[in-house]
>>> print(open('entry_30.csv').read())   # CSV, C-alpha atoms
chain,number,residue,atom,x,y,z
A,9,MET,CA,121.8,130.2,112.1
A,10,THR,CA,122.3,126.6,113.3
A,11,SER,CA,123.7,124.3,110.5
A,12,TYR,CA,121.7,121.3,109.3
A,13,ARG,CA,124.4,118.9,110.6
A,14,SER,CA,123.9,120.4,114.1
A,15,VAL,CA,120.2,120.2,113.8
A,16,LEU,CA,120.4,116.6,112.6
A,17,LEU,CA,122.7,115.5,115.5
A,18,ARG,CA,120.3,117.1,118.0
A,19,GLY,CA,117.4,115.3,116.3
A,20,ILE,CA,119.1,112.0,116.6
A,21,GLY,CA,120.0,112.6,120.2
A,22,ALA,CA,116.4,113.7,121.0
A,23,GLY,CA,115.1,110.7,119.1
A,24,GLY,CA,117.2,108.3,121.2
A,25,ILE,CA,115.9,109.8,124.4
A,26,ALA,CA,112.3,109.7,123.2
A,27,GLY,CA,112.8,106.1,121.9
A,28,LEU,CA,114.1,105.0,125.3
A,29,LEU,CA,111.1,106.6,127.1
A,30,ALA,CA,108.7,105.0,124.7
A,31,GLY,CA,110.4,101.6,125.2
A,32,LEU,CA,110.0,101.9,128.9
A,33,VAL,CA,106.3,102.7,128.5
A,34,GLY,CA,106.1,99.6,126.3
A,35,LEU,CA,107.9,97.5,128.9
A,36,PHE,CA,105.9,98.6,132.0
A,37,VAL,CA,102.6,99.7,130.6
A,38,VAL,CA,101.9,98.0,127.2
A,39,GLU,CA,103.2,94.6,128.5
A,40,VAL,CA,100.4,94.3,131.0
A,41,PRO,CA,97.5,93.9,128.5
A,42,ILE,CA,99.8,92.0,126.2
A,43,ARG,CA,100.2,89.3,128.9
A,44,ALA,CA,96.5,89.2,129.4
A,45,ALA,CA,96.0,88.8,125.6
A,46,LEU,CA,98.6,86.0,125.5
A,47,ALA,CA,96.7,84.2,128.2
A,48,VAL,CA,93.6,84.3,126.0
A,49,GLU,CA,95.6,83.0,123.1
A,50,GLU,CA,97.0,80.2,125.1
A,51,ALA,CA,93.5,79.2,126.4
A,52,ARG,CA,92.2,79.2,122.9
A,53,ALA,CA,95.0,77.0,121.7
A,54,ALA,CA,94.5,74.6,124.6
A,55,ALA,CA,90.8,74.2,123.7
A,56,GLU,CA,91.6,73.4,120.1
A,57,PRO,CA,92.6,69.9,119.0
A,58,ALA,CA,96.3,69.5,118.3
A,59,PRO,CA,97.2,69.1,114.7
A,60,THR,CA,98.2,65.5,113.6
A,61,GLY,CA,101.7,65.0,112.5
A,62,GLY,CA,102.8,68.5,113.5
A,63,HIS,CA,105.6,69.6,115.9
A,64,ASP,CA,105.5,72.5,118.2
A,65,HIS,CA,108.9,74.0,118.3
A,66,GLY,CA,107.9,76.8,120.8
A,67,GLU,CA,109.1,80.4,120.7
A,68,LEU,CA,112.4,81.1,119.1
A,69,PHE,CA,113.1,83.7,121.8
A,70,GLY,CA,111.8,83.8,125.4
A,71,ARG,CA,109.5,86.6,126.6
A,72,GLY,CA,112.3,88.2,128.6
A,73,THR,CA,114.5,88.5,125.5
A,74,GLN,CA,111.6,89.8,123.5
A,75,LEU,CA,111.0,92.6,126.1
A,76,VAL,CA,114.7,93.7,126.0
A,77,GLY,CA,114.6,93.5,122.2
A,78,GLY,CA,111.5,95.7,122.2
A,79,VAL,CA,113.2,98.4,124.2
A,80,LEU,CA,116.2,98.3,122.0
A,81,ALA,CA,114.0,98.4,118.9
A,82,ALA,CA,112.2,101.5,120.3
A,83,VAL,CA,115.5,103.3,120.8
A,84,ILE,CA,116.6,102.4,117.2
A,85,VAL,CA,113.3,103.6,115.8
A,86,GLY,CA,113.6,106.8,117.9
A,87,LEU,CA,117.0,107.5,116.4
A,88,ALA,CA,115.7,107.1,112.9
A,89,VAL,CA,112.5,109.1,113.6
A,90,GLY,CA,114.7,111.8,115.3
A,91,ALA,CA,116.7,112.2,112.1
A,92,LEU,CA,113.6,112.5,110.0
A,93,PHE,CA,112.1,114.9,112.5
A,94,ALA,CA,115.2,117.2,112.5
A,95,THR,CA,115.1,117.2,108.7
A,96,ALA,CA,111.4,118.2,108.7
A,97,TYR,CA,112.1,120.9,111.3
A,98,ALA,CA,115.0,122.3,109.2
A,99,GLY,CA,112.8,122.5,106.2
A,100,SER,CA,109.9,124.2,108.0
A,101,ARG,CA,111.8,126.8,109.9
A,102,ARG,CA,111.1,129.5,107.3
A,103,TRP,CA,107.3,129.0,107.7
A,104,PHE,CA,106.9,130.0,111.4
A,105,THR,CA,109.4,132.7,112.0
A,106,ASP,CA,107.2,134.3,114.7
A,107,ARG,CA,107.6,131.3,117.0
A,108,THR,CA,110.5,130.2,119.2
A,109,PRO,CA,112.4,127.1,118.2
A,110,PHE,CA,111.0,125.2,121.2
A,111,SER,CA,107.5,126.1,120.3
A,112,ARG,CA,108.0,125.1,116.7
A,113,SER,CA,109.5,121.8,117.8
A,114,VAL,CA,106.6,120.9,120.1
A,115,SER,CA,104.0,122.0,117.6
A,116,LEU,CA,105.6,120.0,114.8
A,117,ALA,CA,105.8,116.9,117.0
A,118,ALA,CA,102.2,117.3,118.1
A,119,ALA,CA,101.1,117.6,114.5
A,120,VAL,CA,103.0,114.5,113.4
A,121,PHE,CA,101.6,112.6,116.4
A,122,GLY,CA,98.1,113.5,115.3
A,123,ALA,CA,98.7,112.4,111.7
A,124,ALA,CA,101.0,109.4,112.2
A,125,ALA,CA,99.6,108.0,115.5
A,126,LEU,CA,96.2,109.4,116.6
A,127,LEU,CA,94.5,109.4,113.2
A,128,PRO,CA,95.4,105.8,112.3
A,129,ALA,CA,94.6,104.8,115.9
A,130,ILE,CA,91.1,106.1,115.4
A,131,LYS,CA,90.6,104.4,112.1
A,132,TYR,CA,92.5,101.2,112.6
A,133,PRO,CA,93.2,100.9,116.4
A,134,ALA,CA,95.9,98.5,117.5
A,135,ASN,CA,95.0,95.0,118.3
A,136,PRO,CA,96.7,92.7,120.9
A,137,PRO,CA,97.8,89.1,120.3
A,138,ALA,CA,94.9,86.8,119.7
A,139,VAL,CA,93.1,89.4,117.5
A,140,GLY,CA,93.4,89.5,113.7
A,141,ASP,CA,93.5,87.1,110.9
A,142,PRO,CA,97.1,86.3,109.7
A,143,ASN,CA,95.8,86.2,106.1
A,144,THR,CA,94.9,89.9,106.2
A,145,VAL,CA,98.2,91.2,107.6
A,146,GLY,CA,99.3,92.6,104.2
A,147,TYR,CA,96.0,94.3,103.5
A,148,ARG,CA,95.9,95.8,107.0
A,149,THR,CA,99.4,97.1,106.7
A,150,VAL,CA,98.6,98.8,103.4
A,151,LEU,CA,95.5,100.5,104.9
A,152,TYR,CA,97.4,101.6,108.0
A,153,LEU,CA,100.4,103.0,106.1
A,154,GLY,CA,97.9,104.7,103.7
A,155,VAL,CA,96.2,106.5,106.5
A,156,ILE,CA,99.6,107.7,107.9
A,157,ALA,CA,100.7,108.9,104.5
A,158,ALA,CA,97.4,110.8,104.0
A,159,GLY,CA,97.7,112.3,107.5
A,160,LEU,CA,101.3,113.5,106.9
A,161,LEU,CA,100.3,115.0,103.6
A,162,LEU,CA,97.5,116.8,105.4
A,163,VAL,CA,100.0,118.1,108.0
A,164,PHE,CA,102.3,119.4,105.3
A,165,GLY,CA,99.3,121.1,103.6
A,166,ALA,CA,98.3,122.7,106.9
A,167,GLY,CA,101.8,124.0,107.5
A,168,TYR,CA,101.9,125.5,104.0
A,169,LEU,CA,98.5,127.0,104.4
A,170,ALA,CA,99.5,128.6,107.7
A,171,SER,CA,102.6,130.1,106.1
A,172,ARG,CA,100.5,131.5,103.3
A,173,LEU,CA,98.1,133.1,105.8
A,174,GLY,CA,100.9,134.9,107.6
A,175,HIS,CA,99.4,138.3,106.9
A,176,LEU,CA,96.4,137.4,109.1
A,177,SER,CA,96.2,137.7,112.8
A,178,ARG,CA,97.2,134.6,114.8
A,179,PRO,CA,93.7,133.7,116.0
A,180,VAL,CA,92.2,134.0,112.5
A,181,ARG,CA,95.1,132.0,111.0
A,182,PHE,CA,94.8,129.3,113.7
A,183,THR,CA,91.0,129.0,113.2
A,184,ALA,CA,91.3,128.7,109.4
A,185,VAL,CA,94.0,126.0,109.6
A,186,ALA,CA,92.2,124.1,112.4
A,187,LEU,CA,89.0,124.0,110.4
A,188,ALA,CA,91.0,122.8,107.3
A,189,VAL,CA,92.7,120.1,109.4
A,190,VAL,CA,89.4,118.8,111.0
A,191,ALA,CA,87.8,118.7,107.5
A,192,GLY,CA,90.8,116.8,106.1
A,193,PHE,CA,90.8,114.3,109.0
A,194,ALA,CA,87.1,113.7,108.5
A,195,VAL,CA,87.6,113.0,104.8
A,196,ILE,CA,90.4,110.6,105.5
A,197,LEU,CA,88.4,108.7,108.1
A,198,LEU,CA,85.4,108.4,105.7
A,199,ALA,CA,87.4,107.6,102.6
A,200,PHE,CA,89.3,104.6,104.0
A,201,PRO,CA,87.5,101.2,104.4
A,202,ALA,CA,86.6,99.8,107.8
A,203,PRO,CA,89.0,97.4,109.6
A,204,PRO,CA,88.8,94.0,107.9
A,205,ASP,CA,89.0,91.9,111.1
A,206,ALA,CA,86.3,91.2,113.7
A,207,ILE,CA,87.1,91.1,117.4
A,208,PRO,CA,86.8,87.5,118.7
A,209,ALA,CA,84.2,86.8,121.3
A,210,ASP,CA,86.7,85.4,123.8
A,211,MET,CA,88.7,88.6,123.9
A,212,PRO,CA,87.7,90.7,126.9
A,213,SER,CA,86.8,94.2,126.0
A,214,ASP,CA,88.9,95.7,128.9
A,215,VAL,CA,92.0,93.8,127.7
A,216,LEU,CA,91.4,95.1,124.2
A,217,TRP,CA,91.0,98.7,125.1
A,218,ASP,CA,93.8,98.6,127.7
A,219,PHE,CA,96.1,97.5,125.0
A,220,ARG,CA,94.9,100.1,122.5
A,221,LEU,CA,95.2,103.0,125.0
A,222,ALA,CA,98.6,101.8,126.2
A,223,SER,CA,99.9,101.5,122.7
A,224,LEU,CA,98.7,105.0,121.9
A,225,ALA,CA,100.4,106.2,125.1
A,226,GLU,CA,103.7,104.6,124.0
A,227,THR,CA,103.5,106.4,120.6
A,228,ALA,CA,102.5,109.6,122.3
A,229,THR,CA,105.6,109.3,124.5
A,230,LEU,CA,107.8,108.9,121.4
A,231,TRP,CA,106.5,111.9,119.5
A,232,LEU,CA,105.8,114.3,122.3
A,233,GLY,CA,109.0,113.3,124.1
A,234,LEU,CA,110.9,113.9,120.8
A,235,GLY,CA,109.3,117.4,120.4
A,236,VAL,CA,110.2,118.4,124.0
A,237,ALA,CA,113.7,116.9,124.0
A,238,PHE,CA,114.5,118.4,120.5
A,239,GLY,CA,113.1,121.7,121.5
A,240,LEU,CA,115.3,121.9,124.6
A,241,LEU,CA,118.4,121.0,122.5
A,242,ILE,CA,117.6,123.4,119.7
A,243,ASP,CA,116.4,126.4,121.7
A,244,PRO,CA,119.2,128.0,123.8
A,245,ALA,CA,116.8,130.4,125.6
A,246,VAL,CA,114.6,127.6,126.9
A,247,ARG,CA,117.6,125.5,127.8
A,248,SER,CA,119.1,128.3,129.8
A,249,LYS,CA,115.9,128.8,131.7
A,250,THR,CA,115.7,125.1,132.4
A,251,GLN,CA,119.3,125.0,133.7
A,252,ALA,CA,118.6,128.0,135.9
A,253,LEU,CA,115.6,126.3,137.5
A,254,THR,CA,117.5,123.1,138.2
A,255,ALA,CA,120.6,124.8,139.5
>>> encode(input="entry_30.csv", output="structure tokens")
Amino acid sequence: MTSYRSVLLRGIGAGGIAGLLAGLVGLFVVEVPIRAALAVEEARAAAEPAPTGGHDHGELFGRGTQLVGGVLAAVIVGLAVGALFATAYAGSRRWFTDRTPFSRSVSLAAAVFGAAALLPAIKYPANPPAVGDPNTVGYRTVLYLGVIAAGLLLVFGAGYLASRLGHLSRPVRFTAVALAVVAGFAVILLAFPAPPDAIPADMPSDVLWDFRLASLAETATLWLGLGVAFGLLIDPAVRSKTQALTA
């Protein structure tokens, strides 16, 4: 059996790859609606009277530096997430012994994506610049992290339930777990309060939704890329097939 150290190193490596891919999506896809939202913010600031006695020091870092920093931050986040993912994978290996390592990796990544990205994106979708009251940042952060924590707890419970129903056939087990997950997601969505901030009238709806979908695509790239990359690194059978196809 592969040692935990080996699993951890492969998780970190896969996380770095997935983080880089997610950073590139952020650079080339998410940046487009961000620039449109910044234009709205600049137009709003130009229409407002300048504060008396104040000084505008401008941005500390230029936009180009911010973009490079965003890619580097995505890689760093990927490394950290990869380590956590590898630890979760190592802890859950005994639950799904009837699946290949690659299948377990992709399934785990998809489950975590649903709980840590898709669920909060449905309840509290991401907002671009020029949207959101600075005074509610703390409250919004608590709500967002609360949904993620509830979703991850639900994923853990679903995995445990699936392991306890191992005596049932796979279709029956899948149906039971899927119904439990859907019910849990519905409870979470209904239990948490609505987003506290309204969307300003000057924010175009296409810019808003382009940003939200692009942000979700970036997160999906991180998690699903992590699942595939880690699965390839951890599963020698799939890796051998991939090498044979590319040879």
>>> atom_distance(input="entry_30.csv", atom1="CA of Leu224 (chain A)", atom2="CA of Ala134 (chain A)")
8.3 Å
>>> residues_near_point(input="entry_30.csv", point="(118.4, 122.0, 120.2)", cutoff="10 Å", atoms="only C-alpha atoms", output="compact mmCIF listing (two decimals) with C-alpha atoms, in the coordinates of the input")
# COMPACT_ATOMS: atom_id res chain seq x y z
CA THR A 10 122.30 126.60 113.30
CA SER A 14 123.90 120.40 114.10
CA VAL A 15 120.20 120.20 113.80
CA LEU A 16 120.40 116.60 112.60
CA LEU A 17 122.70 115.50 115.50
CA ARG A 18 120.30 117.10 118.00
CA GLY A 19 117.40 115.30 116.30
CA GLY A 21 120.00 112.60 120.20
CA ALA A 22 116.40 113.70 121.00
CA ALA A 94 115.20 117.20 112.50
CA PRO A 109 112.40 127.10 118.20
CA PHE A 110 111.00 125.20 121.20
CA SER A 113 109.50 121.80 117.80
CA VAL A 236 110.20 118.40 124.00
CA ALA A 237 113.70 116.90 124.00
CA PHE A 238 114.50 118.40 120.50
CA GLY A 239 113.10 121.70 121.50
CA LEU A 240 115.30 121.90 124.60
CA LEU A 241 118.40 121.00 122.50
CA ILE A 242 117.60 123.40 119.70
CA ASP A 243 116.40 126.40 121.70
CA PRO A 244 119.20 128.00 123.80
CA VAL A 246 114.60 127.60 126.90
CA ARG A 247 117.60 125.50 127.80
>>> closest_atom_pairs(input="entry_30.csv", of="region 53-152 of chain A", to="region 226-230 of chain A", cutoff="12 Å", atoms="all atoms listed in the file", output="JSON lines")
{"residue": "A:Gly78", "atom": "CA", "partner": "A:Glu226", "partner_atom": "CA", "distance": 12.0}
{"residue": "A:Val79", "atom": "CA", "partner": "A:Glu226", "partner_atom": "CA", "distance": 11.3}
{"residue": "A:Ala82", "atom": "CA", "partner": "A:Leu230", "partner_atom": "CA", "distance": 8.7}
{"residue": "A:Val83", "atom": "CA", "partner": "A:Leu230", "partner_atom": "CA", "distance": 9.5}
{"residue": "A:Ile84", "atom": "CA", "partner": "A:Leu230", "partner_atom": "CA", "distance": 11.7}
{"residue": "A:Val85", "atom": "CA", "partner": "A:Leu230", "partner_atom": "CA", "distance": 9.5}
{"residue": "A:Gly86", "atom": "CA", "partner": "A:Leu230", "partner_atom": "CA", "distance": 7.1}
{"residue": "A:Leu87", "atom": "CA", "partner": "A:Leu230", "partner_atom": "CA", "distance": 10.6}
{"residue": "A:Ala88", "atom": "CA", "partner": "A:Leu230", "partner_atom": "CA", "distance": 11.7}
{"residue": "A:Val89", "atom": "CA", "partner": "A:Leu230", "partner_atom": "CA", "distance": 9.1}
{"residue": "A:Gly90", "atom": "CA", "partner": "A:Leu230", "partner_atom": "CA", "distance": 9.7}
{"residue": "A:Phe93", "atom": "CA", "partner": "A:Leu230", "partner_atom": "CA", "distance": 11.6}
{"residue": "A:Ala117", "atom": "CA", "partner": "A:Leu230", "partner_atom": "CA", "distance": 9.3}
{"residue": "A:Ala118", "atom": "CA", "partner": "A:Ala228", "partner_atom": "CA", "distance": 8.8}
{"residue": "A:Ala119", "atom": "CA", "partner": "A:Ala228", "partner_atom": "CA", "distance": 11.3}
{"residue": "A:Val120", "atom": "CA", "partner": "A:Ala228", "partner_atom": "CA", "distance": 10.2}
{"residue": "A:Phe121", "atom": "CA", "partner": "A:Ala228", "partner_atom": "CA", "distance": 6.7}
{"residue": "A:Gly122", "atom": "CA", "partner": "A:Ala228", "partner_atom": "CA", "distance": 9.1}
{"residue": "A:Ala123", "atom": "CA", "partner": "A:Ala228", "partner_atom": "CA", "distance": 11.6}
{"residue": "A:Ala124", "atom": "CA", "partner": "A:Thr227", "partner_atom": "CA", "distance": 9.3}
{"residue": "A:Ala125", "atom": "CA", "partner": "A:Thr227", "partner_atom": "CA", "distance": 6.6}
{"residue": "A:Leu126", "atom": "CA", "partner": "A:Ala228", "partner_atom": "CA", "distance": 8.5}
{"residue": "A:Pro128", "atom": "CA", "partner": "A:Thr227", "partner_atom": "CA", "distance": 11.6}
{"residue": "A:Ala129", "atom": "CA", "partner": "A:Thr227", "partner_atom": "CA", "distance": 10.2}
{"residue": "A:Ala134", "atom": "CA", "partner": "A:Thr227", "partner_atom": "CA", "distance": 11.4}
>>> atom_distance(input="entry_30.csv", atom1="CA of Val139 (chain A)", atom2="CA of Leu80 (chain A)")
25.2 Å
>>> residues_near_point(input="entry_30.csv", point="(95.0, 124.6, 108.3)", cutoff="7 Å", atoms="only C-alpha atoms", output="list in words")
Ala166, Gly167, Leu169, Ala170, Ala184, Val185, Ala186, Leu187, Ala188 and Val189 of chain A
>>> atom_distance(input="entry_30.csv", atom1="CA of Pro203 (chain A)", atom2="CA of Tyr132 (chain A)")
6.0 Å
>>> residues_around(input="entry_30.csv", residues="Ala44 (chain A)", least_positions_apart="6", cutoff="12 Å", atoms="all atoms listed in the file", output="PyMOL selection string")
chain A and resi 38+50-51+136-138+210-219
>>> closest_residue(input="entry_30.csv", among="A:Leu160, A:Val155, A:Ala245, A:Leu35", to="Pro201 (chain A)", atoms="all atoms listed in the file")
A:Val155
>>> closest_residue(input="entry_30.csv", among="A:Phe36, A:Ala98, A:Gly146, A:Ala45", to="Leu116 (chain A)", atoms="all atoms listed in the file")
A:Ala98
>>> closest_residue(input="entry_30.csv", among="A:Ala91, A:Leu46, A:Val40, A:Ala191", to="Gly24 (chain A)", atoms="only C-alpha atoms")
A:Ala91
>>> closest_residue(input="entry_30.csv", among="A:Ser100, A:Asn135, A:Glu56, A:Ser11", to="Pro208 (chain A)", atoms="all atoms listed in the file")
A:Asn135
>>> closest_residue(input="entry_30.csv", among="A:Thr73, A:Tyr97, A:Arg172, A:Ala194", to="Arg112 (chain A)", atoms="only C-alpha atoms")
A:Tyr97
>>> closest_residue(input="entry_30.csv", among="A:Val37, A:Pro204, A:Ala30, A:Val163", to="Asn143 (chain A)", atoms="all atoms listed in the file")
A:Pro204
